[in-house]
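Remarks on the structure that follows.
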Amino acid sequence: MDYIHALHIITDPTRYQILKLLMDRHYCVRAISKKLGISEPAVSQQMNVLKGIGIVTGKKMGYHMHYLVDVDLLKQISEQFTHEANSVKKAESLTMECICDYECGRRH
């Protein structure tokens, strides 16, 4: 999985709100639409994006599809981001000398 692509997808404000709802319990598109105050087609579009990366799965219940978050995948994405953030923190302790190969505006 491309974690940067996944982060881009889940940090969209609407998709993030959908994921927050789905982490509490499963919902159908109609319920998500009413809770977030957006149209059902808009929710369906966002669900297709989330399903596309596998972070959301659907389960048919009666006439409606109810959606669930793949918590394990969400944890993997979070752990990858945390790992990379910790690498950046270590890099901050390095010297602040300019090492650019290109002209960055700093006078030598």
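Chain lettering (A, B, ...) mirrors the order of the structure tokens, residue numbering begins at 1 for each chain separately, and ligand numbering begins at 1 in order of display.
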
Discussion item. For Lys35 of chain A, find every residue with an atom within 12 Å (counting only C-alpha atoms), except residues of its own chain fewer than 6 positions away, and show them as a list in words.
Written reply: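 Answer for this query is Thr14, Gln17, Ile18, Lys20, Leu21, Leu22, Tyr27, Cys28, Val29 and Val43 of chain A.
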
Item to complete: Would you list the contacts of Asp70 of chain A as JSON, numbers by chain, taking every protein, DNA or RNA residue within 6 Å and counting only C-alpha atoms, but skipping same-chain residues closer than 3 positions in sequence?
Response: {"A": [55, 56, 73]}

Discussion item. Just the number, please: distance in Å from atom CA of His26 of chain A to atom CA of Met47 of chain A, one decimal.
Written reply: 12.7 Å

Practice prompt. Would you mind listing what lies within 12 Å of His8 of chain A as a count of residues only, with only C-alpha atoms counted and same-chain residues fewer than 4 positions away left out?
Written response: 12

Item to complete: One decimal, Å: what's the distance from atom CA of Glu40 of chain A over to atom CA of Gly62 of chain A, could you say?
Response: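 Interatomic distance here is 17.9 Å.
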
Item to complete: Could you check how far atom CA of Ser44 of chain A sits from atom CA of Ile32 of chain A, in Å to one decimal?
Response: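 So the answer is 9.6 Å.
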
Discussion item. Could you go through segment 20-91 of chain A and tell me which residues DSSP, when run on the backbone, assigns to strand (DSSP E or B), listing them as number ranges by chain?
Written reply: A: 27-28, 56-61, 64-69
